[in-house]
Every structure is written in C-alpha cells, then in structure tokens.
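Novice: Below you'll find the structure I mean.
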Amino acid sequence: MTAALRFDPIRLPPECEKLRKEVRAFLADEIAAGTFDPHKPNREDSDAPEFSRRVGERGWLGMTWPKKYGGHERTFLERYVVTEEMRVANAPTRRFFVADRQSGPVLLKYAPERIKLDILPRICRGEVCFAIGMSEPNSGSDLFAAKTKATKTDGGWLINGTKIWTSSAHIADYMIAIFRTSPSTKENRRHGLTQFLVDMKTPGIKVNPIGQITGQFEFNEVVFTDAFMPDDHVLGEIDGAWKQATSELAYERSGPERFLETYYVLTELVRAVGKDPDTRSAEGIGRLVAQLHTMRRMSVSVAGMLQAGKEPVVEASIVKDIGTIWEQQLPHRVRDLAAFVDADASNHATLEEQLAFAMKTAPKLTIQGGTTEVLRGIIARGLGLR
Amino acid sequence: MRRKKIPHPKPGKMAARIVRTAKQGNAVAEVENIVVETAEKIFADLANAQTINHDTKGSWKAPLWQALTEAGLPLSWVPEACGGSGASLAEGFGVLGAAGRFAIAVPLAETMLAGWLLSQANIASPEGMMTVAPCGPKDRITLGTDGTLSGRTRGVPFATDAKHIAVLAQGSGGLSVALVEASACRIEHGFNLGGDGNDTVTFSNLQPIAIKPAPKSFDHTTLLLMGGVARSLQIAGALETLLDISVRYSNERVAFEKKISKFQAVQHNLAKLAGESAAALAAATSAADTIANFKTFDDAVFLEAASAKIRASEAAEKGAAIAHQVHGAIGFTLEHILHRYSLRALAWRDDFGSESYWAVELGKMVAARGADELWPLVASR
Ligand SMILES: Cc1cc2nc3c(=O)[nH]c(=O)nc-3n(C[C@H](O)[C@H](O)[C@H](O)COP(=O)(O)OP(=O)(O)OC[C@H]3O[C@@H](n4cnc5c(N)ncnc54)[C@H](O)[C@@H]3O)c2cc1C
C-alpha cells in the first residue's frame, strides 16, 4: 500500500468537557451582557478588545504555551474545545485569533528571548492583535514571488513595498511578514525571503482599508516606505523563511475554524423546519449533519495525533480541503432546503439574513490561507505524485 | 504515510483469544492487533485480486473460507461459550476494514454479523457460512403464535451460499432471534453491483432450529446500524485500495510523454479521492469505536453509526468515479481488478439501509431534538 491515511478515533479527554462547560457559561454571560449576538455573524468583524481581554483573563489564550511566557501549558485538545465553542457561538474573536493560533507559535520558535518575554504574555492577556503579511499585489499563491524589500542599514533593515489582503492590519499592533532580503537563486527560487516581526506603529507604514463583497472592511493594503525594523525583529534565519513556513501548518490547517465558518445557517435551518420535517428537509439535514460530524471527527483526530507527537501533514491538508469546500457549499445547500420552509416561521427573517451573509462570505473560504488548488498540490505531493 | 510492515503471525484458532488477553486495557485506537494481521495474511495469500479475477470457476472460495474458519474469524464476535473465538468488537471491526481493503467476496462480514446476532440471545453459532435477515429497513419477518417464521426479505447478501440464516423476527410478544437452515427457505438468487449474492428470502411458516427472545434494548434499528457500520468499514477499506491502486497506476501510465501523475488535473482528482477515502475511514472507524464502547444506545450512538453509513456511501460514489477516471479504459475492463473494489464499494451502500434512508432518519432525529441541541450533540462525540 502506498498511501495509508490514518484517522485514529480520538476522543476528547474528560477535562475537555469540564472546560467546554466553562466556555459555554462564559459565552452565555457575554451574550446576555450584549457583547455580541450569536445570530448575527455579520457583526463578527466588529472589534471587541474588552472581550479579548476577558478571554485572556480566563486563561484561554496561549493555552498550550509555556507558563514562563504567560501560557497555560494545557493540551491542544483543550485549545480545540475553546476554539470550536467560540466559533459556533459566532463570538468576536478577530482581535486575538491570529495571534493565538499562528503568530504566537512563530514567535515562540524564532523570536529572541527579550521579545518573547515582552509580547507573548500580552497575547495571553488578549491585549495585542496580529496580522499576517504574506500576500502582495503580484505574489499570492506563489509566495516566493514576494518583492517587498528589506535593505540592510545600521542596526536594522529598511522596508519598502506593499503587502495586500492583510486581514486586521487596521487594528493590528504587530504583523509577522516576509520580506525580500536577497534575490532568489537559480538553484532555489524560494531562497532570499526573511520573516520579520513588524511593529505597526513604526513610522513609514500606511494602512489602506479595502472593502469586501460582504460590505465589510476587514482586509487592507499595507504600504511600507523606509520603515525601520531593528535587527532583533528578524525571526529565524535570514534568507531562509522558506524553511520555517511549513512546520506549524498542520495545526493551522485542520482546526474547527476550517469547517464551522458558516455553521450557523444549519442551526437556523433546523429551527425553521421545526420538530417534524418533511422527507426532503429531513434527508437534506441528515446528510449535512453526517458530513459535519465526519469532518469534526477527522479534525479532532488530527488534533489528537498532533498532541501525541505524530505528524499527520497530509491528513491535516485533507481536513482543510474538504472542510472549506463543505462550509462554502453549506449555505447553498441550506438555501435549497429553505425554499420549502414556511415563510411565516418565526426565524425566517434571521435565516434569510444569515444566508445572504453566508453566501457572500463563501467564496473567500477556499482562497484565504492557501487556495484549494494549492492545498490539493500539497496533498498530491504527500501521495507521492509530485 | 507508509503502512508499517509487521511480520505476520501464523493464523491459528486461538489468535483472537491470546490477543485479547495480551491487549487488555489498551485503547481501541491501539488495537493494531494480531487478529487483523491474521486476517490480512489470509486475504493476501488466498484472496489475491488478480488470481480471483481470472478464476471464473470460483475455486479460490473454498480454501479461503477454510483458512478463515481455521483462524476463527467468521465467528469472531461469538463468545467461546457459544462456539466462537470471542474476539472483541473492536478486533472484529478491524477485520472488516481489512476485508474491505481486499474486497473480500465471501460471507465473512455476514457470518460475523449473524454470529453476533445469535449471541445476543445466547444461541450457539453453527459452523459454516451464515447470513442475516432482514437487511433492509422495510423488511419484517414475523413470528407466528405457532412458533414459525413468515415473511419476505430482499437484498439478503449471500443467502444462496449460506448454510444458516440468523433472523430477527417480530412476534406479538416482542422481538426474537432465530436460527434457521437456509435450505428450508425459498431463495431467489440475485446479484449486487459487485456480482455477489444478493437474494430474496421467503419464509413460509418455517420452523427455526433455535429461537430465543432478543434482549430488551435490542431492536431492528440496532441490527441495521450494526450492519451499516460493518458496511461502512468495508467501503472505507475498498476506498483505501482504490486510492492506492489509482496512485500507483498514475505513476506508471504515460501519456503525452509524461507520467499522468504529473498532470495537475489528475493530481487534484487523486487528492479528492484521498479526501473521500479519508472521510469514509474517519466516519467508519469512529462509529466502530463508538459501538465497541457504548454503554447505552442513545442519540450519540445513532449519530455516529448513521453518519458512518451516510458519509461512507457518499464517498463510495465520488471515490469510485475518480478511480475509474484515472484508469481510463483499462479500468473499465473485466480483466482489470479495479471493478472488484469500485463496484463492491457502490454495492455495499445498499445494505442495511442506504444513505438516503439513514439521512432521513438522522434528519428527523436532529429536528426532533431541536436546533439548539444540534451542536451539543455533535460536540459530544
Ligand atoms: C478574506 C481574505 C483574507 C486574507 N487575509 C490575508 C492575510 O491576512 N494575509 C495575507 O498575507 N494574505 C491574505 N489573504 C490572501 C490570500 O492568502 C491569497 O488570496 C491567496 O494565497 C491566493 O493568492 P491570490 O489571491 O493572489 O490568487 P492567485 O495566486 O493569483 O490565484 C488565482 C487563482 O489561480 C490559482 N492558481 C495559482 N497558482 C496555481 C497553481 N500553481 N496551480 C493551480 N492553480 C493555481 C489559484 O488557486 C486561484 O484559483 C487573504 C485573502 C482573503 C480572500
């Protein structure tokens, strides 16, 4: 057999269920206090710094990191529970989500000690927001075509160029970005890019908001004009960013956010059809629930295998591939089924509003963080095809 | 990514029992056990797809069944007191996954299920091939006041090959489990998509060899879900092999002076096949793990088992289509082994309730619980 995929039937341990109850109670309190409305996912982009701090106070940020840096040394499975409960509730996680999932782990691995001690505890307290500066106007899927330049100067680097589609740059305190420090070489076209920690308050950085088809303004163009980065803001090896990009990807690819982005329309459909659905609605809902359950089991399995020190790289990519396609199609399947729902159902307006938002959101789900095509290329490589 | 090569133990009747003792206390996930390895060894030796595909007389069947019987596999789920080898449910499910990977075309799954059903009522299992009835949600066999069985059940796998049939029958006082001689029933022989026996069995005032009341908590749904999980594992296994042989073929076949595996469209199709195979595997093993460990039959068990059958069946459709596409015309020939896996994966969708049947049932359950109970149910697994 060439390609044995593994999905061990991993269950969340009992401590997770206690934690889940705590998270649900916390979210219920926040909803009651009016912090957010779980039925209005379209408000999810609104910045919620106070909420972010309260999540930090509960110990739910940097959960898996060392205590030394403000972390809580808990398991990835516990973090998983917090993430999925927040997502399903449509909680406003934008301010801390990227820092907690992606940027913190990069800093932990590559930042100098002084910076780790400074920034990581603030992430854990929910005080800082991160953005990711990879894409450029002429470099998207092909990350290694990035041109934004870092030129060596006394004590640091001067940055010139433009990043684009940078989510949350308008509210971010920091960005982790890749800049070109050398040209690529004939032997290695991935050579020459370096990862930097960017303080967004640095003079010479201008953030221009870009409107999205949902009507939201959550990504941006970020223009650098002689912006100075001190030497200790280099993360990892100079010219060697390509070696650093891959290791954490399995966590990033297979989490609950990869299939729950539009989940709310399914809940609302079940509400709309009522307790005694016709055959068509029942079948449609049954299939969607079976698919959802399967994806979650796959996702939990990958989280558990990671926690156990295994490296399910292909499995993680598969979760993201089928997860994002599922969450993209979900509003359209729900729309099919909702066509037969009684227009007088008490939640009909909510469902319609949610569907409109979910269908507008849907196209991005298979683009952001690496397109379906790129992901399938990674799976194909894992299968031994390239 | 490579399946670990483990030295194969000699198949032996006691294999299951020895392992059970050795593995006591181990998590189900870790049951990479001797029982499954024994089965795989037998399948590899005696159920080689190439050989079977060229053997029009079916002379491979008897030695295969003989070896399986000697290893105690058909009665894996029968306690030793009832004449079986007393393997755990988890071990038996592992065997079924392996049977799927080899597209095994003898009534191994059916005999295991029959033995399991008989054991529910403490009826000893006879030797030889068995099958179970009813296998569809609409079929009912009734137990008359005179103690005889009547009714007609369609889509019974391998009834023609079986010596005995384990039956779940509805009487006025509740459900009973019965053992009947296949030769005493009227059997109309039919075939499923994969060419395996798929028969209609009619019972007319038939006197069973043994009959006992089913346990209180046991009903038709329990039997169908157990059969459905068995089929999900077989489908997942077949998909694993479909992926394996499709990947291999794409690395051999040349077109336009390139291996076809170098064409992006082919790569992406195979990546999708990997996804479908993965989904079937995850759903089926999760459901098997649930059934092997559950204490009460609740909505969560139903969610797991029904989802496995639904998702594995959906995967069979998408996966089989891609495997054929990658193979081109050669995969459409009788000569090639591809159809042994693709057509069986498709055929197994029909047994013990199709995916559309279970989707309706699951949808009704979810709706009856109410919208706000959906996430808690999903998250409970
Ligand atoms: C909502 C949203 C938020 C985002 N947030 C961020 C962010 O915070 N930070 C950031 O850096 N980026 C962000 N991005 C950008 C995102 O990472 C890129 O859009 C993505 O990597 C694709 O790049 P592109 O848009 O330039 O498309 P292109 O790379 O130009 O691709 C266009 C099409 O061509 C296909 N294609 C390209 N190359 C290949 C190939 N080799 N084989 C087959 N098909 C190919 C693609 O799959 C796609 O379908 C965000 C994007 C969205 C939509």
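Quick note on naming: the chains in the structure tokens go A, B, ... in the order shown, residues restart at 1 in each chain, and ligands are numbered from 1 in order of appearance.
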Per residue of chain A within 7 Å of chain B, what are the shortest atom pair and its distance in Å to one decimal, counting only C-alpha atoms, with rows by chain and residue number, as a tab-separated table?

Specialist:
```
residue	atom	partner	partner_atom	distance
A:Met1	CA	B:Asp244	CA	5.9
A:Thr2	CA	B:Asp244	CA	5.7
A:Ala3	CA	B:Met1	CA	5.6
A:Ala4	CA	B:Met1	CA	5.5
A:Leu5	CA	B:Met1	CA	6.5
A:Phe7	CA	B:Ala282	CA	5.4
A:Asp8	CA	B:Ala29	CA	5.8
A:Pro9	CA	B:Ser286	CA	4.9
A:Arg11	CA	B:Arg381	CA	6.9
A:Thr267	CA	B:Ala371	CA	5.2
A:Glu268	CA	B:Ala371	CA	6.8
A:Val270	CA	B:Ala371	CA	5.1
A:Arg271	CA	B:Ala371	CA	4.9
A:Gly274	CA	B:Ala367	CA	6.3
A:Lys275	CA	B:Ala368	CA	4.5
A:Asp276	CA	B:Ala368	CA	6.5
A:Pro277	CA	B:Lys364	CA	6.6
A:Thr279	CA	B:Val360	CA	6.3
A:Ala282	CA	B:Gly363	CA	4.1
A:Glu283	CA	B:Val360	CA	4.0
A:Ile285	CA	B:Gly363	CA	5.0
A:Gly286	CA	B:Gly363	CA	3.8
A:Arg287	CA	B:Ala359	CA	5.2
A:Ala290	CA	B:Ser307	CA	4.3
A:Gln291	CA	B:Arg311	CA	6.2
A:His293	CA	B:Val378	CA	6.0
A:Thr294	CA	B:Ala283	CA	5.2
A:Arg297	CA	B:Ala282	CA	6.7
A:Met298	CA	B:Ala282	CA	5.9
A:Ile318	CA	B:Gly275	CA	5.5
A:Ile322	CA	B:Gly275	CA	6.7
A:Arg376	CA	B:His268	CA	5.6
A:Gly377	CA	B:His268	CA	6.9
A:Ile379	CA	B:Ala271	CA	5.7
A:Ala380	CA	B:Gln267	CA	5.6
A:Leu385	CA	B:Ser261	CA	5.5
A:Arg386	CA	B:Lys262	CA	6.6
```

Novice: If you run DSSP on the backbone, which residues of region 24-203 of chain B are alpha helix (DSSP H), as number ranges by chain?

Specialist: B: 34-46, 49-54, 61-70, 89-101, 108-120

Novice: Any residue with an atom at most 7 Å from ligand 1 counts, using only C-alpha atoms and all ligand atoms. Which are they? Put them as a short mmCIF file (atom, residue, chain, number, x, y, z; two decimals) with C-alpha atoms, in the first residue's frame.

Specialist:
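Output (out-v2.cif):
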```cif
data_model
loop_
_atom_site.label_atom_id
_atom_site.label_comp_id
_atom_site.auth_asym_id
_atom_site.auth_seq_id
_atom_site.Cartn_x
_atom_site.Cartn_y
_atom_site.Cartn_z
CA ALA A 131 -1.76 40.47 11.18
CA ILE A 132 -0.02 38.26 8.63
CA GLY A 133 1.89 39.92 5.83
CA MET A 134 2.49 37.35 3.15
CA SER A 135 0.50 38.31 0.05
CA PRO A 137 -0.13 42.52 -5.40
CA ASN A 138 1.94 40.15 -7.55
CA SER A 139 2.51 37.35 -5.11
CA GLY A 140 -0.37 35.27 -3.78
CA SER A 141 -0.27 31.52 -4.17
CA ASP A 142 3.26 31.95 -5.35
CA ILE A 164 -2.07 43.32 0.39
CA TRP A 165 -5.19 41.48 1.64
CA THR A 166 -3.75 41.83 5.11
CA SER A 167 -6.58 40.93 7.46
CA SER A 168 -6.94 43.12 10.55
CA PHE A 219 -8.51 43.38 4.93
CA LYS A 364 -13.27 33.50 0.37
CA ILE A 367 -8.95 31.21 -1.08
CA GLN A 368 -7.71 32.61 2.24
CA GLY A 369 -4.76 30.88 3.82
CA GLY A 370 -3.94 28.97 0.62
CA THR A 371 -6.33 28.12 -2.19
CA THR A 372 -7.95 24.75 -2.81
CA GLU A 373 -5.63 24.25 -5.77
CA VAL A 374 -2.54 24.89 -3.69
#
```

Novice: At what distance in Å, to one decimal, does CA of Ser46 (chain A) lie from CA of Arg94 (chain A)?

Specialist: 8.1 Å

Novice: Might you pull out every residue within 12 Å of Gly309 (chain A), with only C-alpha atoms counted and same-chain residues fewer than 6 positions away left off, and present them as a list in words?

Specialist: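 The contact residues come out as Thr75, Phe76, Ala250, Val302 and Ala303 of chain A.
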
Novice: Got a sec: who's within 10 Å of Ser184 (chain A), counting only C-alpha atoms, leaving out chain neighbours fewer than 6 positions off, as an MDAnalysis selection string?

Specialist: chainID A and resid 144:145 190:193 239

Novice: Please, could you write that set of residues out with N, CA, C and O atoms as a PDB file, in the first residue's frame?

Specialist:
```
ATOM      1  N   PHE A 144       6.703  32.882  -3.094  1.00  0.00           N
ATOM      2  CA  PHE A 144       8.130  33.148  -3.273  1.00  0.00           C
ATOM      3  C   PHE A 144       8.400  34.184  -4.358  1.00  0.00           C
ATOM      4  O   PHE A 144       9.539  34.460  -4.697  1.00  0.00           O
ATOM      5  N   ALA A 145       7.330  34.772  -4.861  1.00  0.00           N
ATOM      6  CA  ALA A 145       7.495  35.882  -5.798  1.00  0.00           C
ATOM      7  C   ALA A 145       7.466  37.219  -5.050  1.00  0.00           C
ATOM      8  O   ALA A 145       7.507  38.284  -5.668  1.00  0.00           O
ATOM      9  N   ARG A 190      13.107  29.644  -3.846  1.00  0.00           N
ATOM     10  CA  ARG A 190      12.471  30.014  -2.587  1.00  0.00           C
ATOM     11  C   ARG A 190      13.426  30.778  -1.666  1.00  0.00           C
ATOM     12  O   ARG A 190      13.019  31.320  -0.643  1.00  0.00           O
ATOM     13  N   HIS A 191      14.677  30.818  -2.054  1.00  0.00           N
ATOM     14  CA  HIS A 191      15.709  31.487  -1.251  1.00  0.00           C
ATOM     15  C   HIS A 191      15.504  33.009  -1.255  1.00  0.00           C
ATOM     16  O   HIS A 191      15.002  33.573  -2.219  1.00  0.00           O
ATOM     17  N   GLY A 192      15.913  33.671  -0.161  1.00  0.00           N
ATOM     18  CA  GLY A 192      16.012  35.126  -0.180  1.00  0.00           C
ATOM     19  C   GLY A 192      14.925  35.857   0.570  1.00  0.00           C
ATOM     20  O   GLY A 192      14.934  37.085   0.620  1.00  0.00           O
ATOM     21  N   LEU A 193      13.994  35.129   1.169  1.00  0.00           N
ATOM     22  CA  LEU A 193      12.947  35.795   1.946  1.00  0.00           C
ATOM     23  C   LEU A 193      13.208  35.581   3.432  1.00  0.00           C
ATOM     24  O   LEU A 193      13.663  34.513   3.856  1.00  0.00           O
ATOM     25  N   ASP A 239      17.160  35.046   4.885  1.00  0.00           N
ATOM     26  CA  ASP A 239      17.009  34.405   3.567  1.00  0.00           C
ATOM     27  C   ASP A 239      16.371  33.009   3.638  1.00  0.00           C
ATOM     28  O   ASP A 239      16.176  32.365   2.622  1.00  0.00           O
TER      29      ASP A 239
END
```

Novice: For Glu110 (chain B), which of B:Ala159, B:Ala87, B:Leu168, B:Leu343 is the closest residue, counting only C-alpha atoms?

Specialist: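 Smallest distance to Glu110 (chain B) is found for B:Ala159.
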
Novice: To one decimal place, how far is CA of Asp351 (chain B) from CA of Ile34 (chain B) in Å?

Specialist: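 Separating CA of Asp351 (chain B) from CA of Ile34 (chain B) is a distance of 28.6 Å.
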
Novice: Can you list, as a ChimeraX atom specification, every protein, DNA or RNA residue that comes within 12 Å of Leu118 (chain B) when you count only C-alpha atoms, leaving out same-chain residues fewer than 5 positions away?

Specialist: /B:75,77-79,82-84,111-113,123-126,130-133,164-168,176-180,209-215,223

Novice: With distances taken over only C-alpha atoms, which residue among B:Asn192, B:Glu252, B:Val106, B:Ser246 lies nearest Ala323 (chain B)?

Specialist: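 Among the listed residues, B:Ser246 lies closest to Ala323 (chain B).
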
Novice: Expressed in Å to a single decimal, how great is the separation between CA of Thr151 (chain A) and CA of Lys116 (chain A)?

Specialist: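 It comes out at 24.6 Å.
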
Novice: Hey, what does DSSP flag as strand (DSSP E or B) within region 83-316 of chain B? Can you give it to me as a PyMOL selection string?

Specialist: chain B and resi 130-133+142-143+149-157+164-171+174-181+186-188+191+197-206+210-213+254-255+258-259

Novice: Need to verify the contact set: Met86 (chain A), 8 Å, only C-alpha atoms, exclusion of same-chain residues closer than 6 positions in sequence. Can you return it as a PDB file with N, CA, C and O atoms, in the first residue's frame?

Specialist:
```
ATOM      1  N   VAL A  23     -16.571  27.350  29.066  1.00  0.00           N
ATOM      2  CA  VAL A  23     -16.581  28.247  27.910  1.00  0.00           C
ATOM      3  C   VAL A  23     -18.022  28.613  27.548  1.00  0.00           C
ATOM      4  O   VAL A  23     -18.344  29.772  27.287  1.00  0.00           O
ATOM      5  N   LEU A  27     -19.577  32.325  27.505  1.00  0.00           N
ATOM      6  CA  LEU A  27     -20.165  32.916  26.296  1.00  0.00           C
ATOM      7  C   LEU A  27     -21.620  33.314  26.533  1.00  0.00           C
ATOM      8  O   LEU A  27     -22.069  34.361  26.063  1.00  0.00           O
ATOM      9  N   THR A  93     -13.849  36.985  17.741  1.00  0.00           N
ATOM     10  CA  THR A  93     -12.501  36.522  18.079  1.00  0.00           C
ATOM     11  C   THR A  93     -11.403  37.206  17.263  1.00  0.00           C
ATOM     12  O   THR A  93     -10.229  36.891  17.434  1.00  0.00           O
TER      13      THR A  93
END
```

Novice: List as a PyMOL selection string the protein and nucleic acid residues near Leu107 (chain A), meaning an atom at most 10 Å away when only C-alpha atoms are counted, but skip any in the same chain fewer than 6 places from it.

Specialist: chain A and resi 99+113+115-116+119-120+176+196-197+235-236

Novice: Only all heavy atoms, please: the residues just picked out, written as a PDB file, in the first residue's frame.

Specialist:
```
ATOM      1  N   ALA A  99      -3.181  35.893  16.508  1.00  0.00           N
ATOM      2  CA  ALA A  99      -2.060  35.893  17.454  1.00  0.00           C
ATOM      3  C   ALA A  99      -1.982  34.559  18.184  1.00  0.00           C
ATOM      4  O   ALA A  99      -0.915  33.968  18.335  1.00  0.00           O
ATOM      5  CB  ALA A  99      -2.223  37.030  18.455  1.00  0.00           C
ATOM      6  N   GLU A 113      14.685  35.981  23.023  1.00  0.00           N
ATOM      7  CA  GLU A 113      14.063  35.846  24.339  1.00  0.00           C
ATOM      8  C   GLU A 113      13.403  37.147  24.821  1.00  0.00           C
ATOM      9  O   GLU A 113      12.288  37.142  25.348  1.00  0.00           O
ATOM     10  CB  GLU A 113      15.148  35.381  25.334  1.00  0.00           C
ATOM     11  CG  GLU A 113      14.625  34.980  26.696  1.00  0.00           C
ATOM     12  CD  GLU A 113      13.719  33.747  26.670  1.00  0.00           C
ATOM     13  OE1 GLU A 113      13.693  33.006  25.652  1.00  0.00           O
ATOM     14  OE2 GLU A 113      12.999  33.533  27.660  1.00  0.00           O
ATOM     15  N   ILE A 115      12.083  39.545  23.238  1.00  0.00           N
ATOM     16  CA  ILE A 115      10.806  39.811  22.559  1.00  0.00           C
ATOM     17  C   ILE A 115       9.730  38.829  23.002  1.00  0.00           C
ATOM     18  O   ILE A 115       8.579  39.201  23.242  1.00  0.00           O
ATOM     19  CB  ILE A 115      11.025  39.795  21.034  1.00  0.00           C
ATOM     20  CG1 ILE A 115      11.837  41.034  20.672  1.00  0.00           C
ATOM     21  CG2 ILE A 115       9.701  39.706  20.281  1.00  0.00           C
ATOM     22  CD1 ILE A 115      12.074  41.228  19.205  1.00  0.00           C
ATOM     23  N   LYS A 116      10.139  37.595  23.170  1.00  0.00           N
ATOM     24  CA  LYS A 116       9.167  36.604  23.647  1.00  0.00           C
ATOM     25  C   LYS A 116       8.597  37.034  24.997  1.00  0.00           C
ATOM     26  O   LYS A 116       7.389  36.982  25.219  1.00  0.00           O
ATOM     27  CB  LYS A 116       9.844  35.241  23.799  1.00  0.00           C
ATOM     28  CG  LYS A 116      10.107  34.554  22.483  1.00  0.00           C
ATOM     29  CD  LYS A 116      10.231  33.063  22.641  1.00  0.00           C
ATOM     30  CE  LYS A 116      11.680  32.650  22.734  1.00  0.00           C
ATOM     31  NZ  LYS A 116      11.856  31.201  22.529  1.00  0.00           N
ATOM     32  N   ILE A 119       6.229  40.176  24.356  1.00  0.00           N
ATOM     33  CA  ILE A 119       4.974  40.108  23.590  1.00  0.00           C
ATOM     34  C   ILE A 119       4.069  38.925  23.956  1.00  0.00           C
ATOM     35  O   ILE A 119       2.851  39.088  24.065  1.00  0.00           O
ATOM     36  CB  ILE A 119       5.277  40.084  22.072  1.00  0.00           C
ATOM     37  CG1 ILE A 119       5.990  41.386  21.683  1.00  0.00           C
ATOM     38  CG2 ILE A 119       3.979  39.936  21.270  1.00  0.00           C
ATOM     39  CD1 ILE A 119       6.337  41.481  20.219  1.00  0.00           C
ATOM     40  N   LEU A 120       4.653  37.754  24.174  1.00  0.00           N
ATOM     41  CA  LEU A 120       3.794  36.579  24.387  1.00  0.00           C
ATOM     42  C   LEU A 120       2.826  36.749  25.571  1.00  0.00           C
ATOM     43  O   LEU A 120       1.636  36.434  25.440  1.00  0.00           O
ATOM     44  CB  LEU A 120       4.640  35.307  24.529  1.00  0.00           C
ATOM     45  CG  LEU A 120       5.374  34.894  23.240  1.00  0.00           C
ATOM     46  CD1 LEU A 120       6.333  33.730  23.505  1.00  0.00           C
ATOM     47  CD2 LEU A 120       4.384  34.521  22.144  1.00  0.00           C
ATOM     48  N   ILE A 176       3.391  39.761  11.370  1.00  0.00           N
ATOM     49  CA  ILE A 176       4.536  38.919  11.023  1.00  0.00           C
ATOM     50  C   ILE A 176       4.530  38.829   9.510  1.00  0.00           C
ATOM     51  O   ILE A 176       3.538  38.414   8.903  1.00  0.00           O
ATOM     52  CB  ILE A 176       4.461  37.537  11.700  1.00  0.00           C
ATOM     53  CG1 ILE A 176       4.704  37.731  13.203  1.00  0.00           C
ATOM     54  CG2 ILE A 176       5.513  36.592  11.119  1.00  0.00           C
ATOM     55  CD1 ILE A 176       4.699  36.474  14.025  1.00  0.00           C
ATOM     56  N   PHE A 196       9.934  38.685   9.469  1.00  0.00           N
ATOM     57  CA  PHE A 196      10.150  39.805  10.384  1.00  0.00           C
ATOM     58  C   PHE A 196       8.950  40.001  11.292  1.00  0.00           C
ATOM     59  O   PHE A 196       7.807  39.759  10.888  1.00  0.00           O
ATOM     60  CB  PHE A 196      10.318  41.126   9.607  1.00  0.00           C
ATOM     61  CG  PHE A 196      11.673  41.335   8.997  1.00  0.00           C
ATOM     62  CD1 PHE A 196      12.001  40.728   7.790  1.00  0.00           C
ATOM     63  CD2 PHE A 196      12.609  42.162   9.604  1.00  0.00           C
ATOM     64  CE1 PHE A 196      13.248  40.934   7.204  1.00  0.00           C
ATOM     65  CE2 PHE A 196      13.856  42.387   9.025  1.00  0.00           C
ATOM     66  CZ  PHE A 196      14.175  41.766   7.819  1.00  0.00           C
ATOM     67  N   LEU A 197       9.251  40.486  12.481  1.00  0.00           N
ATOM     68  CA  LEU A 197       8.200  40.994  13.356  1.00  0.00           C
ATOM     69  C   LEU A 197       8.098  42.492  13.107  1.00  0.00           C
ATOM     70  O   LEU A 197       9.083  43.215  13.228  1.00  0.00           O
ATOM     71  CB  LEU A 197       8.552  40.727  14.822  1.00  0.00           C
ATOM     72  CG  LEU A 197       7.653  41.408  15.863  1.00  0.00           C
ATOM     73  CD1 LEU A 197       6.249  40.824  15.833  1.00  0.00           C
ATOM     74  CD2 LEU A 197       8.263  41.263  17.258  1.00  0.00           C
ATOM     75  N   LEU A 235      13.018  37.195  12.440  1.00  0.00           N
ATOM     76  CA  LEU A 235      12.571  35.934  13.041  1.00  0.00           C
ATOM     77  C   LEU A 235      13.197  34.773  12.278  1.00  0.00           C
ATOM     78  O   LEU A 235      12.842  34.503  11.137  1.00  0.00           O
ATOM     79  CB  LEU A 235      11.045  35.838  13.009  1.00  0.00           C
ATOM     80  CG  LEU A 235      10.299  36.944  13.765  1.00  0.00           C
ATOM     81  CD1 LEU A 235       8.797  36.826  13.526  1.00  0.00           C
ATOM     82  CD2 LEU A 235      10.603  36.902  15.258  1.00  0.00           C
ATOM     83  N   GLY A 236      14.137  34.127  12.909  1.00  0.00           N
ATOM     84  CA  GLY A 236      14.763  32.960  12.279  1.00  0.00           C
ATOM     85  C   GLY A 236      15.878  33.351  11.338  1.00  0.00           C
ATOM     86  O   GLY A 236      16.503  34.406  11.478  1.00  0.00           O
TER      87      GLY A 236
END
```

Novice: Counting only C-alpha atoms, which residue out of B:Ala98, B:Leu46, B:Val301, B:Leu89 sits closest to Leu233 (chain B)?

Specialist: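 Looking at the shortest contact to Leu233 (chain B), the residue is B:Ala98.
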
Novice: Go through B:Arg186, B:Ile337, B:Val35, B:Leu143 and flag the residue nearest His54 (chain B), using only C-alpha atoms for the distances.

Specialist: B:Ile337

Novice: For Gly147 (chain B), which residue out of B:Thr200, B:Ser119, B:Gln170, B:Gln207 is the nearest one, using only C-alpha atoms?

Specialist: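 Comparing B:Thr200, B:Ser119, B:Gln170, B:Gln207 against Gly147 (chain B), the winner is B:Gln207.
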